Amino acid sequence: MSPIAPSSGISRRVLLSTLVLLPALCGLLRPASAPAQTSSGLLPSWSDGPAKQAIFDFVRVTTDRSVPSYVSPEDRIAVFDQDGTLWVEHPMYTQVVYCLERVPAVVAKRPELKNVEPFKTVLSGNREAMAKLSLRDLEKILAATLTGMTVEEFNAEAKKWLETARDPRWKRPYTELVYQPMLEALRYLRDNAYKTYIVTGGGQDFVRVYAEKVYGIPPEQVVGTAGGTKFGYAKDGMPFLTKDAKLLLNDNNAGKPEGIHLMIGRRPLAAFGNSTGDRQMLEWTGAGAGARLKMLVLHDDAAREYAYGPAQGLPDSKVGTFTQALYDEAEKDGWTVISMKNDWKRIFAFEQ
């Protein structure tokens, strides 16, 4: 399949975010019989309050053998959205930035595309023109940069980009823009025999490149929007897999619980998100019996990170949308809303 052909294998979430925002261009497991750790000195980047306490209370009641809500280690599953939950997603999803910045390299290998739209427009750097690209044009860009190569070639290219690309605001690698409080929550859960998974609307292969190094989460515990692969043989007879544009799983909205069932096979006990794309994942987690932890990150700190909602009167956003309806559902159903401004003492590890 030609890599520039439009394809349903590209996440609509990525496409829409591109269209809107182009102008802005592991800890070791504890023994099963061990009780949960005491909270003293744990989660140091969290402010004392209901959000921090909710994590402690949940771990205590699910790991203490003396209480009816005890859960055996094999059923201790916690799932985390990535963009906006584990790392920065504004003003544009990191994977979208990757795709746009990969266009020159794609054209260098296929110079016949230089004067072909939409590649010509992207190469021009004209943001106003780029913002007017159609959905079909954006599909061509994403297909050309995410498919048509072997999985090893894709992994190498993504790794190289992640090592050299810098966020324009902080001038740091994107992999350093990870929320320190969430890293602590991941570690705390794993220290109490929880298996932690990333469940993201972003590209599964892209996240798998860095998830283990950045989050302590191995590739097999990353569930994301997934495209197909094609098996073949090289001239020397060696087998290889080529990334295809066929969509296998759109891991957003209802696709998240569907993906969890498909890839994990157990209903989570804890789920962390930050947007309407995570709503069904938290609802499905909460529908199970016993103790459950459902948490949503509210980006309400424009000084240290970004502020957007539009819940609670925050600015509206097409990326990481947190509606008032979602906020009201969280309040009604007992989910915990994490205020980035009030519940996190620091956001990034590099903060003093």
# chains A, B, ... in the order shown; residues from 1 in each chain; ligands from 1
$ residues_around --residues "segment 247-260 of chain A" --least-positions-apart "6" --cutoff "10 Å" --atoms "only C-alpha atoms" --output "JSON, numbers by chain"
{"A": [7, 8, 9, 10, 11, 12, 13, 79, 81, 197, 198, 199, 200, 201, 202, 203, 204, 222, 223, 224, 225, 226, 227, 228, 229, 266, 267, 268, 275, 276, 277, 278, 279, 280, 281, 282, 283, 284, 285]}
$ residues_around --residues "Ala156 of chain A" --least-positions-apart "6" --cutoff "12 Å" --atoms "only C-alpha atoms" --output "list in words"
Met149, Thr150, Leu162, Glu163, Asp205, Phe206, Arg208, Val209 and Tyr210 of chain A
$ residues_around --residues "Thr164 of chain A" --least-positions-apart "3" --cutoff "7 Å" --atoms "only C-alpha atoms" --output "PyMOL selection string"
chain A and resi 160-161+173
$ write_last_selection --atoms "N, CA and C atoms" --output "CSV table (one decimal), in the first residue's frame"
chain,number,residue,atom,x,y,z
A,160,LYS,N,15.3,8.4,17.6
A,160,LYS,CA,16.3,9.4,17.3
A,160,LYS,C,15.6,10.8,17.5
A,161,TRP,N,14.4,10.9,17.0
A,161,TRP,CA,13.6,12.2,17.1
A,161,TRP,C,13.4,12.6,18.6
A,173,PRO,N,13.8,18.0,26.1
A,173,PRO,CA,13.2,16.8,25.4
A,173,PRO,C,11.8,16.6,25.9
$ closest_residue --among "A:Gln324, A:Lys294, A:Ile347, A:Val207" --to "Tyr308 of chain A" --atoms "only C-alpha atoms"
A:Gln324
$ closest_atom_pairs --of "segment 92-195 of chain A" --to "segment 48-55 of chain A" --cutoff "12 Å" --atoms "only C-alpha atoms" --output "JSON lines"
{"residue": "A:Pro181", "atom": "CA", "partner": "A:Lys52", "partner_atom": "CA", "distance": 9.8}
{"residue": "A:Met182", "atom": "CA", "partner": "A:Lys52", "partner_atom": "CA", "distance": 11.0}
{"residue": "A:Glu184", "atom": "CA", "partner": "A:Lys52", "partner_atom": "CA", "distance": 11.0}
{"residue": "A:Ala185", "atom": "CA", "partner": "A:Ile55", "partner_atom": "CA", "distance": 8.0}
{"residue": "A:Leu186", "atom": "CA", "partner": "A:Ile55", "partner_atom": "CA", "distance": 10.8}
{"residue": "A:Tyr188", "atom": "CA", "partner": "A:Ile55", "partner_atom": "CA", "distance": 9.2}
{"residue": "A:Leu189", "atom": "CA", "partner": "A:Ile55", "partner_atom": "CA", "distance": 8.8}
{"residue": "A:Asn192", "atom": "CA", "partner": "A:Ile55", "partner_atom": "CA", "distance": 11.6}
$ closest_residue --among "A:Val319, A:Val71, A:Ala234, A:Leu146" --to "Tyr306 of chain A" --atoms "only C-alpha atoms"
A:Val319
$ closest_residue --among "A:Trp170, A:Trp87, A:Phe231, A:Phe350" --to "Gly320 of chain A" --atoms "only C-alpha atoms"
A:Trp87
